[in-house]
file run.csv (CSV, C-alpha atoms)
chain,number,residue,atom,x,y,z
A,6,MET,CA,0.0,0.0,0.0
A,7,ARG,CA,2.8,2.4,0.8
A,8,SER,CA,4.0,2.3,-2.8
A,9,GLN,CA,0.6,3.4,-4.1
A,10,LEU,CA,-0.1,6.3,-1.8
A,11,ARG,CA,1.6,9.7,-1.3
A,12,GLY,CA,1.7,11.8,1.8
A,13,ASP,CA,-0.9,14.2,0.6
A,14,ASP,CA,-3.4,11.5,-0.4
A,15,VAL,CA,-6.5,10.6,1.6
A,16,ALA,CA,-7.2,6.8,1.9
A,17,ILE,CA,-10.6,5.4,2.8
A,18,LEU,CA,-10.4,1.7,3.8
A,19,LEU,CA,-13.3,-0.6,4.0
A,20,GLY,CA,-12.5,-3.4,6.5
A,21,ASP,CA,-11.2,-6.9,6.9
A,22,TYR,CA,-7.5,-5.8,7.0
A,23,LEU,CA,-6.0,-9.0,8.3
A,24,ASN,CA,-5.7,-12.3,6.4
A,25,LEU,CA,-7.4,-14.6,8.9
A,26,ILE,CA,-7.5,-17.4,6.3
A,27,ASP,CA,-7.1,-17.5,2.5
A,28,PHE,CA,-9.7,-19.9,0.9
A,29,ARG,CA,-7.2,-20.7,-1.9
A,30,THR,CA,-4.1,-21.6,0.0
A,31,PHE,CA,-5.3,-22.0,3.6
A,32,GLU,CA,-2.6,-19.5,4.6
A,33,GLY,CA,-3.3,-16.8,7.2
A,34,ILE,CA,-3.4,-16.0,10.9
A,35,LEU,CA,-5.5,-19.0,11.9
A,36,SER,CA,-3.2,-21.4,10.0
A,37,GLU,CA,-0.4,-20.3,12.4
A,38,VAL,CA,-2.4,-21.6,15.4
A,39,TYR,CA,-4.9,-24.2,14.1
A,40,SER,CA,-4.2,-27.3,12.0
A,41,ARG,CA,-4.9,-27.4,8.3
A,42,GLU,CA,-7.5,-30.2,9.0
A,43,GLU,CA,-9.5,-27.9,11.4
A,44,ILE,CA,-9.6,-25.2,8.8
A,45,ARG,CA,-10.4,-27.5,6.0
A,46,LYS,CA,-13.4,-28.9,8.0
A,47,VAL,CA,-14.9,-25.5,8.5
A,48,LEU,CA,-14.5,-24.5,4.8
A,49,THR,CA,-16.0,-27.8,3.7
A,50,LEU,CA,-19.0,-27.3,5.9
A,51,MET,CA,-19.5,-23.8,4.6
A,52,ALA,CA,-19.2,-24.9,1.0
A,53,THR,CA,-21.8,-27.7,1.4
A,54,GLY,CA,-24.3,-25.3,2.9
A,55,ASP,CA,-24.5,-26.8,6.4
A,56,LYS,CA,-24.4,-23.4,8.0
A,57,GLU,CA,-25.2,-24.3,11.6
A,58,LYS,CA,-22.5,-26.9,11.7
A,59,ALA,CA,-20.1,-24.5,10.1
A,60,ARG,CA,-20.9,-21.8,12.7
A,61,MET,CA,-20.4,-24.3,15.5
A,62,GLN,CA,-17.1,-25.5,14.1
A,63,ILE,CA,-15.9,-21.9,13.7
A,64,ARG,CA,-16.8,-21.1,17.2
A,65,ASP,CA,-15.1,-24.2,18.5
A,66,SER,CA,-12.0,-23.7,16.4
A,67,ILE,CA,-11.5,-19.9,16.9
A,68,GLY,CA,-12.5,-20.2,20.6
A,69,GLY,CA,-10.2,-23.2,21.1
A,70,THR,CA,-8.1,-23.3,24.3
A,71,PRO,CA,-7.1,-20.2,26.3
A,72,GLU,CA,-3.5,-20.7,25.0
A,73,LYS,CA,-4.6,-20.8,21.4
A,74,SER,CA,-6.9,-17.8,21.8
A,75,GLU,CA,-4.0,-15.8,23.3
A,76,GLN,CA,-1.8,-16.8,20.4
A,77,VAL,CA,-4.4,-15.6,17.9
A,78,ARG,CA,-4.8,-12.2,19.8
A,79,ALA,CA,-1.1,-11.6,19.9
A,80,ILE,CA,-0.7,-12.3,16.1
A,81,ILE,CA,-3.7,-10.0,15.4
A,82,ALA,CA,-2.3,-7.2,17.5
A,83,ALA,CA,1.2,-7.4,15.8
A,84,SER,CA,-0.5,-7.6,12.3
A,85,TYR,CA,-2.5,-4.4,13.0
A,86,ILE,CA,0.6,-2.6,14.1
A,87,GLU,CA,2.4,-3.5,11.0
A,88,PHE,CA,-0.6,-2.7,8.8
A,89,PHE,CA,-1.2,0.8,10.3
A,90,ALA,CA,2.5,1.6,10.0
A,91,SER,CA,2.2,0.9,6.2
A,92,ILE,CA,-0.2,3.8,5.7
A,93,PRO,CA,1.7,6.9,4.7
A,94,CYS,CA,-1.2,9.4,4.5
A,95,LYS,CA,-4.4,10.6,6.2
A,96,CYS,CA,-6.7,7.6,6.5
A,97,PHE,CA,-10.3,7.0,7.4
A,98,MET,CA,-11.2,3.4,8.0
A,99,ILE,CA,-14.2,1.3,8.9
A,100,TYR,CA,-14.0,-2.2,10.4
A,101,GLY,CA,-15.2,-5.3,8.8
A,102,ASN,CA,-16.8,-8.4,10.3
A,103,THR,CA,-13.5,-10.1,10.9
A,104,ASP,CA,-11.8,-7.1,12.4
A,105,GLY,CA,-11.5,-6.3,16.2
A,106,PRO,CA,-13.0,-2.8,16.7
A,107,GLU,CA,-11.6,-2.3,20.2
A,108,ILE,CA,-8.0,-3.2,19.4
A,109,MET,CA,-8.3,-1.2,16.2
A,110,LYS,CA,-9.4,1.9,18.2
A,111,LYS,CA,-6.5,1.4,20.7
A,112,LEU,CA,-3.7,0.8,18.2
A,113,GLY,CA,-5.1,3.1,15.4
A,114,ALA,CA,-5.2,6.1,17.7
A,115,THR,CA,-1.4,6.0,18.2
A,116,ALA,CA,-0.8,5.3,14.5
A,117,GLY,CA,-2.7,8.4,13.3
A,118,VAL,CA,-5.5,6.6,11.5
A,119,GLU,CA,-9.1,7.4,12.2
A,120,LEU,CA,-11.5,4.6,12.8
A,121,VAL,CA,-15.1,5.6,11.9
A,122,GLU,CA,-17.8,3.2,13.1
A,123,CYS,CA,-20.6,5.3,11.6
A,124,GLY,CA,-20.5,8.9,10.4
A,125,VAL,CA,-19.8,11.4,7.6
A,126,VAL,CA,-16.3,12.7,6.7
A,127,HIS,CA,-15.5,15.4,4.2
A,128,VAL,CA,-12.9,14.9,1.5
A,129,ASP,CA,-12.3,17.4,-1.3
A,130,GLY,CA,-15.7,18.9,-0.8
A,131,GLN,CA,-17.6,15.7,-0.9
A,132,ARG,CA,-19.5,14.0,1.9
A,133,PHE,CA,-18.4,10.3,2.4
A,134,GLY,CA,-20.8,8.3,4.6
A,135,MET,CA,-19.1,5.5,6.3
A,136,VAL,CA,-20.7,2.4,8.1
A,137,SER,CA,-18.6,-0.3,9.7
A,138,GLY,CA,-19.3,-4.0,10.3
A,139,ALA,CA,-21.8,-6.5,9.1
A,140,PRO,CA,-25.4,-7.2,10.0
A,141,GLN,CA,-26.7,-10.6,10.9
A,142,GLY,CA,-26.6,-13.0,7.9
A,143,PRO,CA,-26.5,-16.7,7.1
A,144,TRP,CA,-22.7,-16.9,7.6
A,145,ASN,CA,-22.3,-15.1,10.9
A,146,ALA,CA,-20.1,-16.8,13.4
A,147,GLY,CA,-19.9,-14.4,16.3
A,148,LEU,CA,-17.0,-12.4,14.9
A,149,PRO,CA,-16.2,-9.1,16.6
A,150,GLY,CA,-17.3,-6.9,13.7
A,151,GLU,CA,-20.8,-8.5,13.4
A,152,MET,CA,-23.9,-6.9,14.9
A,153,ASP,CA,-27.6,-7.3,15.0
A,154,THR,CA,-29.5,-6.2,11.9
A,155,GLU,CA,-31.5,-3.5,13.7
A,156,ARG,CA,-28.4,-1.8,15.0
A,157,TYR,CA,-26.8,-1.9,11.5
A,158,ASP,CA,-29.9,-0.6,9.8
A,159,LYS,CA,-30.1,2.3,12.2
A,160,MET,CA,-26.5,3.2,11.5
A,161,VAL,CA,-27.2,3.3,7.8
A,162,ALA,CA,-30.3,5.4,8.2
A,163,SER,CA,-28.5,7.9,10.5
A,164,LEU,CA,-26.2,9.1,7.7
A,165,GLY,CA,-28.6,11.2,5.8
A,166,PRO,CA,-27.8,12.1,2.2
A,167,VAL,CA,-24.2,11.8,1.2
A,168,ASP,CA,-22.2,12.0,-2.1
A,169,VAL,CA,-20.4,8.8,-1.6
A,170,LEU,CA,-21.4,5.8,0.6
A,171,CYS,CA,-18.7,3.6,2.0
A,172,THR,CA,-19.5,0.3,3.8
A,173,HIS,CA,-17.8,-3.0,4.4
A,174,TYR,CA,-21.0,-5.0,3.7
A,175,PRO,CA,-22.6,-5.1,0.3
A,176,PRO,CA,-26.1,-4.1,-0.7
A,177,ALA,CA,-28.6,-6.9,-1.5
A,178,ILE,CA,-27.8,-7.2,-5.2
A,179,PRO,CA,-27.2,-10.9,-6.1
A,180,ASP,CA,-24.5,-10.4,-8.7
A,181,LEU,CA,-22.5,-8.4,-6.1
A,182,THR,CA,-23.0,-10.8,-3.2
A,183,TRP,CA,-22.2,-14.1,-4.8
A,184,ASP,CA,-18.6,-15.3,-3.9
A,185,THR,CA,-17.5,-17.5,-6.8
A,186,LEU,CA,-14.6,-19.1,-4.9
A,187,ALA,CA,-16.4,-19.7,-1.6
A,188,GLU,CA,-19.5,-20.7,-3.7
A,189,ARG,CA,-22.0,-19.0,-1.5
A,190,ASP,CA,-24.2,-16.0,-1.4
A,191,GLU,CA,-23.2,-13.4,1.2
A,192,VAL,CA,-26.8,-12.0,0.8
A,193,GLY,CA,-26.2,-8.3,1.4
A,194,SER,CA,-28.1,-5.6,3.2
A,195,PRO,CA,-31.7,-4.6,2.1
A,196,ALA,CA,-31.2,-1.4,4.2
A,197,LEU,CA,-28.2,-0.4,2.0
A,198,LEU,CA,-30.2,-1.1,-1.1
A,199,SER,CA,-33.0,1.1,0.1
A,200,TYR,CA,-30.5,3.8,1.1
A,201,ILE,CA,-29.1,3.9,-2.5
A,202,ASP,CA,-32.6,4.1,-4.0
A,203,GLU,CA,-33.7,6.9,-1.7
A,204,ASN,CA,-30.5,9.0,-1.5
A,205,ARG,CA,-28.9,8.3,-4.8
A,206,PRO,CA,-25.2,8.8,-3.9
A,207,SER,CA,-22.9,9.0,-7.0
A,208,HIS,CA,-21.0,5.9,-5.7
A,209,HIS,CA,-21.3,3.2,-3.2
A,210,TYR,CA,-18.0,1.4,-2.4
A,211,PHE,CA,-18.0,-1.8,-0.4
A,212,GLY,CA,-15.9,-4.9,0.3
A,213,HIS,CA,-16.6,-8.1,2.1
A,214,VAL,CA,-17.1,-10.3,-1.0
A,215,HIS,CA,-13.6,-11.4,-1.9
A,216,HIS,CA,-14.3,-13.0,-5.3
A,217,PRO,CA,-17.5,-11.5,-6.6
A,218,ARG,CA,-19.5,-12.6,-9.7
A,219,GLU,CA,-19.6,-8.9,-10.7
A,220,SER,CA,-17.5,-6.2,-9.2
A,221,CYS,CA,-19.5,-3.2,-10.4
A,222,VAL,CA,-23.2,-2.5,-11.3
A,223,VAL,CA,-25.2,0.6,-11.9
A,224,ARG,CA,-28.3,1.1,-9.7
A,225,GLY,CA,-30.3,4.1,-10.8
A,226,SER,CA,-27.7,6.9,-10.9
A,227,THR,CA,-25.3,5.1,-8.5
A,228,SER,CA,-22.2,3.2,-9.4
A,229,VAL,CA,-22.1,0.3,-6.9
A,230,VAL,CA,-18.5,-0.9,-6.7
A,231,ASN,CA,-16.7,-3.7,-4.9
A,232,ALA,CA,-13.5,-1.9,-3.9
A,233,GLY,CA,-11.9,-4.8,-2.1
A,234,PHE,CA,-8.1,-4.6,-2.0
A,235,PHE,CA,-7.6,-8.0,-3.6
A,236,ARG,CA,-4.4,-9.8,-2.8
A,237,ALA,CA,-4.3,-11.0,-6.4
A,238,SER,CA,-4.3,-7.6,-8.0
A,239,LYS,CA,-2.5,-5.6,-5.3
A,240,ALA,CA,-4.3,-2.5,-6.7
A,241,ALA,CA,-6.1,0.2,-4.7
A,242,LEU,CA,-9.2,1.8,-6.3
A,243,VAL,CA,-9.1,5.5,-7.1
A,244,HIS,CA,-12.3,7.6,-6.7
A,245,PRO,CA,-14.3,8.2,-8.8
A,246,ALA,CA,-14.5,4.6,-10.1
A,247,ASP,CA,-17.5,4.4,-12.5
A,248,CYS,CA,-19.2,1.3,-13.9
A,249,PRO,CA,-19.7,0.9,-17.6
A,250,ARG,CA,-23.2,2.1,-18.5
call {"tool": "encode", "arguments": {"input": "run.csv", "output": "structure tokens"}}
result
Amino acid sequence: MRSQLRGDDVAILLGDYLNLIDFRTFEGILSEVYSREEIRKVLTLMATGDKEKARMQIRDSIGGTPEKSEQVRAIIAASYIEFFASIPCKCFMIYGNTDGPEIMKKLGATAGVELVECGVVHVDGQRFGMVSGAPQGPWNAGLPGEMDTERYDKMVASLGPVDVLCTHYPPAIPDLTWDTLAERDEVGSPALLSYIDENRPSHHYFGHVHHPRESCVVRGSTSVVNAGFFRASKAALVHPADCPR
């Protein structure tokens, strides 16, 4: 990231900053603590659609023993410190479902990045509405950045009209919510879809879906764009990023 940003840039980051697990290679933070077989079992259950068993396995695996839980926390803290240090400019960030909001607030404050749970920031004369986290959905597993749907919907509604909407979670548009590698529908938020239709921001940027069927669609006058910082491309998105019309 440092090579793509200059000191006078403004970065807006959309969550899930740490690689807990890579579906393709099984590499990531969890693989440093848990066995490949434990991870494979969870991913297999998720792929076959046995959602409740998958959730139970995730809770059992991530919870684990106190020793393993402490190992995971230590790796996560070190990873956030390294990540924050890589950002060379002013930065507004939201948290994703796999992020730890409390540790991000603690470590981010000393690193000069601003964590926005929900609110509006002004960049170059435009209003950017930002909403963190993920509402309840079929794949929730009790991760720190997940919240009940009522709370999430209230956060979205509290923004009022903005020029650009920035969320971690996608709107409920099937082509944007289907993950082709995980082979599952992340569903998306009806509240975000209603917000787009009512307030018509020029852009809605989101992440969460790592390998989408479509990365960009036009909804009314809004370009709805998956702005995920994909490891495969190593490319950040530059605003305004418009969809073909």
call {"tool": "atom_distance", "arguments": {"input": "run.csv", "atom1": "atom CA of Met152 of chain A", "atom2": "atom CA of Gly225 of chain A"}}
result
28.7 Å
call {"tool": "closest_residue", "arguments": {"input": "run.csv", "among": "A:Ser199, A:Thr172, A:Asn102, A:Thr182", "to": "Ala232 of chain A", "atoms": "only C-alpha atoms"}}
result
A:Thr172
call {"tool": "closest_residue", "arguments": {"input": "run.csv", "among": "A:Arg224, A:His216, A:Lys110, A:Arg250", "to": "Tyr85 of chain A", "atoms": "all atoms listed in the file"}}
result
A:Lys110
call {"tool": "atom_distance", "arguments": {"input": "run.csv", "atom1": "atom CA of Ala139 of chain A", "atom2": "atom CA of Leu197 of chain A"}}
result
11.3 Å
call {"tool": "atom_distance", "arguments": {"input": "run.csv", "atom1": "atom CA of Asp158 of chain A", "atom2": "atom CA of Pro195 of chain A"}}
result
8.9 Å
call {"tool": "closest_residue", "arguments": {"input": "run.csv", "among": "A:Tyr200, A:Trp183, A:Tyr22, A:Tyr157", "to": "Ser220 of chain A", "atoms": "only C-alpha atoms"}}
result
A:Trp183
call {"tool": "closest_residue", "arguments": {"input": "run.csv", "among": "A:His208, A:Arg218, A:His173, A:Arg11", "to": "Gln131 of chain A", "atoms": "all atoms listed in the file"}}
result
A:His208
call {"tool": "closest_residue", "arguments": {"input": "run.csv", "among": "A:Gly105, A:Gly20, A:Gly142, A:Pro149", "to": "His215 of chain A", "atoms": "only C-alpha atoms"}}
result
A:Gly20
call {"tool": "residues_around", "arguments": {"input": "run.csv", "residues": "Leu242 of chain A", "least_positions_apart": "6", "cutoff": "12 Å", "atoms": "only C-alpha atoms", "output": "mmCIF file with C-alpha atoms, keeping the file's coordinate frame"}}
result
data_model
loop_
_atom_site.group_PDB
_atom_site.id
_atom_site.type_symbol
_atom_site.label_atom_id
_atom_site.label_comp_id
_atom_site.auth_asym_id
_atom_site.auth_seq_id
_atom_site.Cartn_x
_atom_site.Cartn_y
_atom_site.Cartn_z
ATOM 1 C CA MET A 6 0.000 0.000 0.000
ATOM 2 C CA GLN A 9 0.600 3.400 -4.100
ATOM 3 C CA LEU A 10 -0.100 6.300 -1.800
ATOM 4 C CA ALA A 16 -7.200 6.800 1.900
ATOM 5 C CA ILE A 17 -10.600 5.400 2.800
ATOM 6 C CA LEU A 18 -10.400 1.700 3.800
ATOM 7 C CA LEU A 19 -13.300 -0.600 4.000
ATOM 8 C CA TYR A 210 -18.000 1.400 -2.400
ATOM 9 C CA PHE A 211 -18.000 -1.800 -0.400
ATOM 10 C CA GLY A 212 -15.900 -4.900 0.300
ATOM 11 C CA SER A 220 -17.500 -6.200 -9.200
ATOM 12 C CA VAL A 230 -18.500 -0.900 -6.700
ATOM 13 C CA ASN A 231 -16.700 -3.700 -4.900
ATOM 14 C CA ALA A 232 -13.500 -1.900 -3.900
ATOM 15 C CA GLY A 233 -11.900 -4.800 -2.100
ATOM 16 C CA PHE A 234 -8.100 -4.600 -2.000
ATOM 17 C CA PHE A 235 -7.600 -8.000 -3.600
#
call {"tool": "closest_residue", "arguments": {"input": "run.csv", "among": "A:Val77, A:Val214, A:Ser8, A:Ser207", "to": "Glu191 of chain A", "atoms": "all atoms listed in the file"}}
result
A:Val214
call {"tool": "residues_around", "arguments": {"input": "run.csv", "residues": "segment 119-129 of chain A", "least_positions_apart": "3", "cutoff": "6 Å", "atoms": "all atoms listed in the file", "output": "list in words"}}
result
Phe97, Met98, Ile99, Arg132, Phe133, Gly134, Met135, Val136 and Ser137 of chain A
call {"tool": "residues_near_point", "arguments": {"input": "run.csv", "point": "(-29.6, -8.4, 12.1)", "cutoff": "12 Å", "atoms": "all atoms listed in the file", "output": "ChimeraX atom specification"}}
result
/A:138-145,151-159,193-196
